[in-house]
Amino acid sequence: MTLRDLVLIRLGVAVNLVIGQIVAALLLPVYLDSVGTILVAALVGPRAAIAAGLVSQVLNAVISGNFSWLPFGLVQVVIALYATAAARLGAFRSYATAVPAGLGMGLVAASCSAPISYFLFGGVTAGGVTVVTTVVRALGAPLGVAVASASYATDLLDKTIAFVLVTLLLRSLPRTLATRFPALAR
Amino acid sequence: MIGYVAGRSILHRAHPYTTLALAGAVLLGAFAMTRPLQVGLLVLGAAGFAALGGGATLRSSAKPALLLALPIWVLLFVLHGLLGPEPRVFFGPVRLSAAGIATALVLGGRVTAIVLAFLTALATTAPHRLVEAMTAGGQPFGRIFLLSSTLTVLPRMRERAALILEAQQCRGLRLGGSPLARLKALGPLALPLVLGALAEVDEQVLALDARGAGDRREGGEGGGGAARRTALDPPRDSTAQRVVRWALLVLVLAAYAWKFRSMRG
């Protein structure tokens, strides 16, 4: 990895962690904790995006103190790989392509996070998702269905917004800045 | 308080890899435990690990660990105890699922043990000693850079995010309203933050390169740095500590072998 890749990974990690602060100020019911990973995937490539995702997961644990969510680092790896493939297929060129790609990302991410949540944590993870799980379970659904429905509901919304936001960021890049990222030209 | 607490305990003096290996073993071991008694013993083990760090470490890791685990315990008892499968048993005035309670004890115990072990590792591992240990161990510059510099960038980005928030509010940006209106406000806040940071990338690369941070083997720009760095004051490692680390690895593998064997049986 070049020094430039390392600086961009660091930027991606900071974006992952700081966008959450903005989202909290706006009282939005999403996390957007993978915007930096998706951005690095589009600007640099899969290795850097995986590094950004994993470092974000570890730093989030260091800052919050909750290290039990470290197994969800696997989801960050999947997000990095999917976002790289989506970027190479031109998903970030327009909102019309970003929305379906984001929905696809939501499906893939939920398909990874739901089994981790169910088998390792019995469906009890981050606050908002667990509230949805509890409500669906209280309505009579089996635990597996409750965990899966909560994961799909939150990830579909979260990843679609993340993809649209990254598209907005990439489309707003001044030409002089955009030319510095060869991965964008691909 | 979450973070390093200065001290002279055995954990403070241990090689950072040994302390992190102990916490890692608790993390991996926790998911191999499937019965309340096993997880209870693991929690006791994690508490013993915290006690090795001395009184101050125990206080600084046990309290936040309990505070972090408490909401999870509550949610586990609601989801598995109250809404769990039949048969039910009386716990005072409430009827709880017997199997659900056992599941909640296992899952809650896992989270408690993991959080306690890692907060202890965090409280007893000075960041500069970990960096020195990684440098002495010949770790690539990239890993050390990501570990040591990202934490220092975060407060700067947070500060900038807060400034942008205030500036955009001064220009009339409204943060309230419907969820769609709040979602639309995300762009004017995130764009200047990320674009501003991207514009600074080249400057940061040059600054790092000028300090010899590049690595020829890794294709670093400018290639001004040596392939291997020298640690100024690396933490002392010992054969006994290496044996402990290998023993932990063997223990974790044995725990998983036992788990899968009992699952088949």
# chains A, B, ... in the order shown; residues from 1 in each chain; ligands from 1
>>> interface_residues(of="chain B", to="chain A", cutoff="8 Å", atoms="only C-alpha atoms", output="PyMOL selection string")
chain B and resi 2+27+31+64-65+68+72+75-76+78-79+83+103+107+111+114-115+118-119+122+142+145-147+149-151+153-154+157-158+161+175-176+179+182-183+185-187+189-191+194-195+197-199+201-202+204-205+208-209+213-214+218-221
>>> write_last_selection(atoms="C-alpha atoms", output="PDB file, in the first residue's frame")
ATOM      1  CA  ILE B   2     -12.209   3.912  29.238  1.00  0.00           C
ATOM      2  CA  LEU B  27     -13.142 -13.206  23.007  1.00  0.00           C
ATOM      3  CA  PHE B  31     -18.012 -18.154  21.594  1.00  0.00           C
ATOM      4  CA  PRO B  64     -17.699   0.580  32.567  1.00  0.00           C
ATOM      5  CA  ALA B  65     -17.888  -3.134  31.698  1.00  0.00           C
ATOM      6  CA  LEU B  68     -22.006  -1.492  29.045  1.00  0.00           C
ATOM      7  CA  ILE B  72     -27.631  -6.002  27.045  1.00  0.00           C
ATOM      8  CA  LEU B  75     -32.663  -6.843  26.539  1.00  0.00           C
ATOM      9  CA  LEU B  76     -31.579 -10.501  26.769  1.00  0.00           C
ATOM     10  CA  VAL B  78     -36.821  -9.500  27.769  1.00  0.00           C
ATOM     11  CA  LEU B  79     -36.129 -11.229  24.438  1.00  0.00           C
ATOM     12  CA  LEU B  83     -40.556 -13.904  25.146  1.00  0.00           C
ATOM     13  CA  THR B 103     -29.639 -18.717  26.881  1.00  0.00           C
ATOM     14  CA  LEU B 107     -25.126 -14.655  25.980  1.00  0.00           C
ATOM     15  CA  VAL B 111     -20.599 -10.066  26.457  1.00  0.00           C
ATOM     16  CA  ILE B 114     -15.365  -9.986  26.493  1.00  0.00           C
ATOM     17  CA  VAL B 115     -15.960  -6.362  27.489  1.00  0.00           C
ATOM     18  CA  PHE B 118     -10.707  -5.916  26.578  1.00  0.00           C
ATOM     19  CA  LEU B 119     -11.252  -2.948  28.898  1.00  0.00           C
ATOM     20  CA  LEU B 122      -6.987  -1.243  27.191  1.00  0.00           C
ATOM     21  CA  GLY B 142       1.119   0.849   7.412  1.00  0.00           C
ATOM     22  CA  PHE B 145       0.466   4.166  11.180  1.00  0.00           C
ATOM     23  CA  LEU B 146      -3.205   3.146  11.060  1.00  0.00           C
ATOM     24  CA  LEU B 147      -3.163   2.114  14.703  1.00  0.00           C
ATOM     25  CA  SER B 149      -2.549   8.001  13.841  1.00  0.00           C
ATOM     26  CA  THR B 150      -6.255   7.345  13.314  1.00  0.00           C
ATOM     27  CA  LEU B 151      -7.094   8.051  16.938  1.00  0.00           C
ATOM     28  CA  VAL B 153      -7.285  12.376  13.519  1.00  0.00           C
ATOM     29  CA  LEU B 154     -10.682  11.617  15.025  1.00  0.00           C
ATOM     30  CA  MET B 157     -12.621  15.549  12.303  1.00  0.00           C
ATOM     31  CA  ARG B 158     -15.177  15.706  15.123  1.00  0.00           C
ATOM     32  CA  ALA B 161     -17.970  18.391  11.930  1.00  0.00           C
ATOM     33  CA  LEU B 175     -32.006  20.282  11.450  1.00  0.00           C
ATOM     34  CA  GLY B 176     -35.598  19.558  12.499  1.00  0.00           C
ATOM     35  CA  PRO B 179     -37.348  12.525   8.499  1.00  0.00           C
ATOM     36  CA  ARG B 182     -33.562  15.870   8.113  1.00  0.00           C
ATOM     37  CA  LEU B 183     -32.168  13.435   5.544  1.00  0.00           C
ATOM     38  CA  ALA B 185     -29.771  18.206   5.616  1.00  0.00           C
ATOM     39  CA  LEU B 186     -27.211  15.367   5.616  1.00  0.00           C
ATOM     40  CA  GLY B 187     -25.672  16.486   2.282  1.00  0.00           C
ATOM     41  CA  LEU B 189     -23.163  18.688   6.468  1.00  0.00           C
ATOM     42  CA  ALA B 190     -21.303  15.665   5.092  1.00  0.00           C
ATOM     43  CA  LEU B 191     -20.097  17.233   1.814  1.00  0.00           C
ATOM     44  CA  VAL B 194     -15.438  14.859   3.439  1.00  0.00           C
ATOM     45  CA  LEU B 195     -14.442  17.063   0.476  1.00  0.00           C
ATOM     46  CA  ALA B 197     -10.589  16.170   4.167  1.00  0.00           C
ATOM     47  CA  LEU B 198      -9.994  14.762   0.658  1.00  0.00           C
ATOM     48  CA  ALA B 199      -8.436  18.051  -0.448  1.00  0.00           C
ATOM     49  CA  VAL B 201      -4.773  14.173   1.428  1.00  0.00           C
ATOM     50  CA  ASP B 202      -1.849  15.209  -0.811  1.00  0.00           C
ATOM     51  CA  GLN B 204      -0.598  14.863   4.446  1.00  0.00           C
ATOM     52  CA  VAL B 205       1.139  12.401   2.109  1.00  0.00           C
ATOM     53  CA  LEU B 208       4.595  11.896   5.942  1.00  0.00           C
ATOM     54  CA  ASP B 209       6.993  11.323   3.076  1.00  0.00           C
ATOM     55  CA  ALA B 213       7.425   7.371   6.535  1.00  0.00           C
ATOM     56  CA  GLY B 214       7.471   5.703   3.108  1.00  0.00           C
ATOM     57  CA  GLU B 218       5.454  -1.194  -0.052  1.00  0.00           C
ATOM     58  CA  GLY B 219       5.880   1.184  -2.985  1.00  0.00           C
ATOM     59  CA  GLY B 220       5.698   4.259  -0.781  1.00  0.00           C
ATOM     60  CA  GLU B 221       5.637   7.567  -2.559  1.00  0.00           C
TER      61      GLU B 221
END
>>> residues_around(residues="A:Tyr152", least_positions_apart="5", cutoff="7 Å", atoms="only C-alpha atoms", output="short mmCIF file (atom, residue, chain, number, x, y, z; two decimals) with C-alpha atoms, in the first residue's frame")
data_model
loop_
_atom_site.label_atom_id
_atom_site.label_comp_id
_atom_site.auth_asym_id
_atom_site.auth_seq_id
_atom_site.Cartn_x
_atom_site.Cartn_y
_atom_site.Cartn_z
CA GLY A 106 -28.41 -3.82 2.25
CA LEU A 107 -29.53 -7.34 1.33
CA ALA A 110 -28.13 -8.10 6.36
#
>>> atom_distance(atom1="atom CA of B:Thr57", atom2="atom CA of B:Ala123")
6.2 Å
>>> closest_residue(among="A:Val30, A:Phe72, A:Leu89, A:Thr179", to="A:Leu156", atoms="only C-alpha atoms")
A:Val30
>>> closest_residue(among="A:Ala86, A:Val147, A:Leu54, A:Gly20", to="A:Ala41", atoms="only C-alpha atoms")
A:Ala86
>>> select_by_dssp(residues="stretch 13-220 of chain B", states="helix (DSSP H, G or I)", output="number ranges by chain")
B: 13, 16-30, 36-52, 55-82, 98-124, 127-136, 141-170, 179-184, 186-199, 201-210, 216-218
>>> residues_around(residues="A:Ser149", least_positions_apart="4", cutoff="10 Å", atoms="only C-alpha atoms", output="VMD selection string")
chain A and resid 110 114 129 132 to 133 136 141 143 to 145 153 to 155
>>> closest_residue(among="B:Arg211, B:His80, B:Arg13, B:Arg174", to="B:Ser97", atoms="only C-alpha atoms")
B:His80
>>> residues_around(residues="A:Ala42", least_positions_apart="3", cutoff="7 Å", atoms="only C-alpha atoms", output="list in words")
Ile38, Leu39, Gly45, Ala83, Thr84, Ala87, Ala183 and Leu184 of chain A
>>> closest_residue(among="B:Thr34, B:Thr124, B:Gln241, B:Thr18", to="B:Gly54", atoms="only C-alpha atoms")
B:Thr124
>>> residues_around(residues="B:Arg229", least_positions_apart="3", cutoff="12 Å", atoms="only C-alpha atoms", output="list in words")
Val131, Glu132, Ala133, Met134, Thr135, Ala136, Gly137, Gly138, Gln139, Pro140, Phe141, Ile144, Gly212, Ala213, Gly214, Asp215, Gly225, Ala226, Leu232 and Pro234 of chain B
>>> decode(residues="stretch 12-61 of chain A", atoms="N, CA and C atoms", output="PDB file, in the first residue's frame")
ATOM      1  N   GLY A  12     -11.065   7.395   5.611  1.00  0.00           N
ATOM      2  CA  GLY A  12     -12.271   6.556   5.563  1.00  0.00           C
ATOM      3  C   GLY A  12     -12.723   6.146   6.952  1.00  0.00           C
ATOM      4  N   VAL A  13     -11.756   5.790   7.806  1.00  0.00           N
ATOM      5  CA  VAL A  13     -12.084   5.393   9.182  1.00  0.00           C
ATOM      6  C   VAL A  13     -12.722   6.575   9.921  1.00  0.00           C
ATOM      7  N   ALA A  14     -12.104   7.760   9.770  1.00  0.00           N
ATOM      8  CA  ALA A  14     -12.639   8.945  10.457  1.00  0.00           C
ATOM      9  C   ALA A  14     -14.044   9.273   9.952  1.00  0.00           C
ATOM     10  N   VAL A  15     -14.268   9.132   8.637  1.00  0.00           N
ATOM     11  CA  VAL A  15     -15.610   9.396   8.085  1.00  0.00           C
ATOM     12  C   VAL A  15     -16.610   8.394   8.670  1.00  0.00           C
ATOM     13  N   ASN A  16     -16.229   7.114   8.708  1.00  0.00           N
ATOM     14  CA  ASN A  16     -17.121   6.090   9.287  1.00  0.00           C
ATOM     15  C   ASN A  16     -17.575   6.486  10.691  1.00  0.00           C
ATOM     16  N   LEU A  17     -16.622   6.979  11.486  1.00  0.00           N
ATOM     17  CA  LEU A  17     -16.925   7.254  12.891  1.00  0.00           C
ATOM     18  C   LEU A  17     -17.580   8.628  13.096  1.00  0.00           C
ATOM     19  N   VAL A  18     -17.234   9.609  12.234  1.00  0.00           N
ATOM     20  CA  VAL A  18     -17.736  10.975  12.470  1.00  0.00           C
ATOM     21  C   VAL A  18     -19.109  11.203  11.843  1.00  0.00           C
ATOM     22  N   ILE A  19     -19.402  10.517  10.718  1.00  0.00           N
ATOM     23  CA  ILE A  19     -20.728  10.683  10.105  1.00  0.00           C
ATOM     24  C   ILE A  19     -21.812  10.305  11.121  1.00  0.00           C
ATOM     25  N   GLY A  20     -21.490   9.334  11.961  1.00  0.00           N
ATOM     26  CA  GLY A  20     -22.429   8.931  13.013  1.00  0.00           C
ATOM     27  C   GLY A  20     -22.813  10.100  13.911  1.00  0.00           C
ATOM     28  N   GLN A  21     -21.850  10.990  14.150  1.00  0.00           N
ATOM     29  CA  GLN A  21     -22.086  12.175  14.984  1.00  0.00           C
ATOM     30  C   GLN A  21     -23.120  13.100  14.300  1.00  0.00           C
ATOM     31  N   ILE A  22     -22.986  13.264  12.982  1.00  0.00           N
ATOM     32  CA  ILE A  22     -23.912  14.109  12.224  1.00  0.00           C
ATOM     33  C   ILE A  22     -25.296  13.463  12.192  1.00  0.00           C
ATOM     34  N   VAL A  23     -25.316  12.153  11.972  1.00  0.00           N
ATOM     35  CA  VAL A  23     -26.584  11.425  11.920  1.00  0.00           C
ATOM     36  C   VAL A  23     -27.323  11.536  13.253  1.00  0.00           C
ATOM     37  N   ALA A  24     -26.555  11.463  14.343  1.00  0.00           N
ATOM     38  CA  ALA A  24     -27.171  11.596  15.677  1.00  0.00           C
ATOM     39  C   ALA A  24     -27.741  12.999  15.861  1.00  0.00           C
ATOM     40  N   ALA A  25     -27.016  14.024  15.356  1.00  0.00           N
ATOM     41  CA  ALA A  25     -27.505  15.415  15.482  1.00  0.00           C
ATOM     42  C   ALA A  25     -28.791  15.603  14.694  1.00  0.00           C
ATOM     43  N   LEU A  26     -28.930  14.856  13.589  1.00  0.00           N
ATOM     44  CA  LEU A  26     -30.131  14.976  12.751  1.00  0.00           C
ATOM     45  C   LEU A  26     -31.259  14.037  13.212  1.00  0.00           C
ATOM     46  N   LEU A  27     -30.981  13.255  14.235  1.00  0.00           N
ATOM     47  CA  LEU A  27     -31.950  12.295  14.786  1.00  0.00           C
ATOM     48  C   LEU A  27     -32.500  11.359  13.711  1.00  0.00           C
ATOM     49  N   LEU A  28     -31.605  10.887  12.844  1.00  0.00           N
ATOM     50  CA  LEU A  28     -32.035   9.964  11.785  1.00  0.00           C
ATOM     51  C   LEU A  28     -31.976   8.524  12.299  1.00  0.00           C
ATOM     52  N   PRO A  29     -32.939   7.681  11.892  1.00  0.00           N
ATOM     53  CA  PRO A  29     -32.971   6.299  12.423  1.00  0.00           C
ATOM     54  C   PRO A  29     -32.015   5.352  11.687  1.00  0.00           C
ATOM     55  N   VAL A  30     -30.826   5.833  11.332  1.00  0.00           N
ATOM     56  CA  VAL A  30     -29.827   4.985  10.644  1.00  0.00           C
ATOM     57  C   VAL A  30     -28.465   5.173  11.319  1.00  0.00           C
ATOM     58  N   TYR A  31     -27.470   4.373  10.912  1.00  0.00           N
ATOM     59  CA  TYR A  31     -26.134   4.464  11.521  1.00  0.00           C
ATOM     60  C   TYR A  31     -25.126   5.127  10.578  1.00  0.00           C
ATOM     61  N   LEU A  32     -25.207   4.744   9.285  1.00  0.00           N
ATOM     62  CA  LEU A  32     -24.267   5.249   8.259  1.00  0.00           C
ATOM     63  C   LEU A  32     -22.803   5.083   8.702  1.00  0.00           C
ATOM     64  N   ASP A  33     -22.503   3.931   9.315  1.00  0.00           N
ATOM     65  CA  ASP A  33     -21.145   3.695   9.819  1.00  0.00           C
ATOM     66  C   ASP A  33     -20.238   3.023   8.783  1.00  0.00           C
ATOM     67  N   SER A  34     -20.715   2.976   7.511  1.00  0.00           N
ATOM     68  CA  SER A  34     -19.847   2.374   6.491  1.00  0.00           C
ATOM     69  C   SER A  34     -19.655   3.310   5.300  1.00  0.00           C
ATOM     70  N   VAL A  35     -20.026   4.589   5.441  1.00  0.00           N
ATOM     71  CA  VAL A  35     -19.854   5.557   4.341  1.00  0.00           C
ATOM     72  C   VAL A  35     -18.370   5.663   3.968  1.00  0.00           C
ATOM     73  N   GLY A  36     -17.490   5.717   4.969  1.00  0.00           N
ATOM     74  CA  GLY A  36     -16.046   5.829   4.720  1.00  0.00           C
ATOM     75  C   GLY A  36     -15.509   4.600   4.002  1.00  0.00           C
ATOM     76  N   THR A  37     -15.968   3.413   4.400  1.00  0.00           N
ATOM     77  CA  THR A  37     -15.522   2.164   3.759  1.00  0.00           C
ATOM     78  C   THR A  37     -15.931   2.168   2.289  1.00  0.00           C
ATOM     79  N   ILE A  38     -17.174   2.567   2.013  1.00  0.00           N
ATOM     80  CA  ILE A  38     -17.687   2.580   0.628  1.00  0.00           C
ATOM     81  C   ILE A  38     -16.915   3.624  -0.195  1.00  0.00           C
ATOM     82  N   LEU A  39     -16.651   4.764   0.419  1.00  0.00           N
ATOM     83  CA  LEU A  39     -15.914   5.842  -0.270  1.00  0.00           C
ATOM     84  C   LEU A  39     -14.496   5.383  -0.633  1.00  0.00           C
ATOM     85  N   VAL A  40     -13.819   4.742   0.316  1.00  0.00           N
ATOM     86  CA  VAL A  40     -12.454   4.255   0.062  1.00  0.00           C
ATOM     87  C   VAL A  40     -12.476   3.159  -1.014  1.00  0.00           C
ATOM     88  N   ALA A  41     -13.526   2.320  -1.003  1.00  0.00           N
ATOM     89  CA  ALA A  41     -13.651   1.278  -2.036  1.00  0.00           C
ATOM     90  C   ALA A  41     -13.737   1.920  -3.413  1.00  0.00           C
ATOM     91  N   ALA A  42     -14.489   3.017  -3.523  1.00  0.00           N
ATOM     92  CA  ALA A  42     -14.666   3.682  -4.820  1.00  0.00           C
ATOM     93  C   ALA A  42     -13.403   4.449  -5.227  1.00  0.00           C
ATOM     94  N   LEU A  43     -12.699   5.033  -4.257  1.00  0.00           N
ATOM     95  CA  LEU A  43     -11.537   5.873  -4.584  1.00  0.00           C
ATOM     96  C   LEU A  43     -10.250   5.076  -4.736  1.00  0.00           C
ATOM     97  N   VAL A  44     -10.109   4.010  -3.958  1.00  0.00           N
ATOM     98  CA  VAL A  44      -8.827   3.278  -3.959  1.00  0.00           C
ATOM     99  C   VAL A  44      -8.989   1.835  -4.443  1.00  0.00           C
ATOM    100  N   GLY A  45      -9.749   1.039  -3.727  1.00  0.00           N
ATOM    101  CA  GLY A  45      -9.889  -0.369  -4.117  1.00  0.00           C
ATOM    102  C   GLY A  45     -10.192  -1.258  -2.924  1.00  0.00           C
ATOM    103  N   PRO A  46     -10.261  -2.584  -3.159  1.00  0.00           N
ATOM    104  CA  PRO A  46     -10.737  -3.484  -2.104  1.00  0.00           C
ATOM    105  C   PRO A  46      -9.826  -3.599  -0.884  1.00  0.00           C
ATOM    106  N   ARG A  47      -8.492  -3.653  -1.108  1.00  0.00           N
ATOM    107  CA  ARG A  47      -7.590  -3.847   0.052  1.00  0.00           C
ATOM    108  C   ARG A  47      -7.713  -2.697   1.034  1.00  0.00           C
ATOM    109  N   ALA A  48      -7.689  -1.485   0.472  1.00  0.00           N
ATOM    110  CA  ALA A  48      -7.780  -0.297   1.329  1.00  0.00           C
ATOM    111  C   ALA A  48      -9.138  -0.228   2.006  1.00  0.00           C
ATOM    112  N   ALA A  49     -10.194  -0.593   1.265  1.00  0.00           N
ATOM    113  CA  ALA A  49     -11.543  -0.533   1.854  1.00  0.00           C
ATOM    114  C   ALA A  49     -11.699  -1.547   2.984  1.00  0.00           C
ATOM    115  N   ILE A  50     -11.136  -2.741   2.785  1.00  0.00           N
ATOM    116  CA  ILE A  50     -11.197  -3.763   3.851  1.00  0.00           C
ATOM    117  C   ILE A  50     -10.460  -3.246   5.086  1.00  0.00           C
ATOM    118  N   ALA A  51      -9.280  -2.648   4.855  1.00  0.00           N
ATOM    119  CA  ALA A  51      -8.509  -2.110   5.990  1.00  0.00           C
ATOM    120  C   ALA A  51      -9.310  -1.019   6.706  1.00  0.00           C
ATOM    121  N   ALA A  52      -9.950  -0.132   5.916  1.00  0.00           N
ATOM    122  CA  ALA A  52     -10.731   0.948   6.533  1.00  0.00           C
ATOM    123  C   ALA A  52     -11.880   0.368   7.364  1.00  0.00           C
ATOM    124  N   GLY A  53     -12.550  -0.645   6.820  1.00  0.00           N
ATOM    125  CA  GLY A  53     -13.678  -1.257   7.530  1.00  0.00           C
ATOM    126  C   GLY A  53     -13.254  -1.925   8.825  1.00  0.00           C
ATOM    127  N   LEU A  54     -12.156  -2.699   8.747  1.00  0.00           N
ATOM    128  CA  LEU A  54     -11.717  -3.431   9.945  1.00  0.00           C
ATOM    129  C   LEU A  54     -11.173  -2.482  11.020  1.00  0.00           C
ATOM    130  N   VAL A  55     -10.395  -1.473  10.579  1.00  0.00           N
ATOM    131  CA  VAL A  55      -9.849  -0.521  11.569  1.00  0.00           C
ATOM    132  C   VAL A  55     -11.015   0.253  12.220  1.00  0.00           C
ATOM    133  N   SER A  56     -12.035   0.596  11.430  1.00  0.00           N
ATOM    134  CA  SER A  56     -13.201   1.297  11.999  1.00  0.00           C
ATOM    135  C   SER A  56     -13.864   0.449  13.081  1.00  0.00           C
ATOM    136  N   GLN A  57     -14.005  -0.848  12.768  1.00  0.00           N
ATOM    137  CA  GLN A  57     -14.664  -1.747  13.727  1.00  0.00           C
ATOM    138  C   GLN A  57     -13.871  -1.802  15.040  1.00  0.00           C
ATOM    139  N   VAL A  58     -12.546  -1.911  14.912  1.00  0.00           N
ATOM    140  CA  VAL A  58     -11.708  -2.000  16.118  1.00  0.00           C
ATOM    141  C   VAL A  58     -11.743  -0.669  16.882  1.00  0.00           C
ATOM    142  N   LEU A  59     -11.606   0.453  16.158  1.00  0.00           N
ATOM    143  CA  LEU A  59     -11.585   1.753  16.841  1.00  0.00           C
ATOM    144  C   LEU A  59     -12.925   2.068  17.494  1.00  0.00           C
ATOM    145  N   ASN A  60     -13.997   1.666  16.811  1.00  0.00           N
ATOM    146  CA  ASN A  60     -15.319   1.856  17.404  1.00  0.00           C
ATOM    147  C   ASN A  60     -15.403   1.126  18.742  1.00  0.00           C
ATOM    148  N   ALA A  61     -14.827  -0.086  18.777  1.00  0.00           N
ATOM    149  CA  ALA A  61     -14.815  -0.857  20.023  1.00  0.00           C
ATOM    150  C   ALA A  61     -13.953  -0.162  21.072  1.00  0.00           C
TER     151      ALA A  61
END
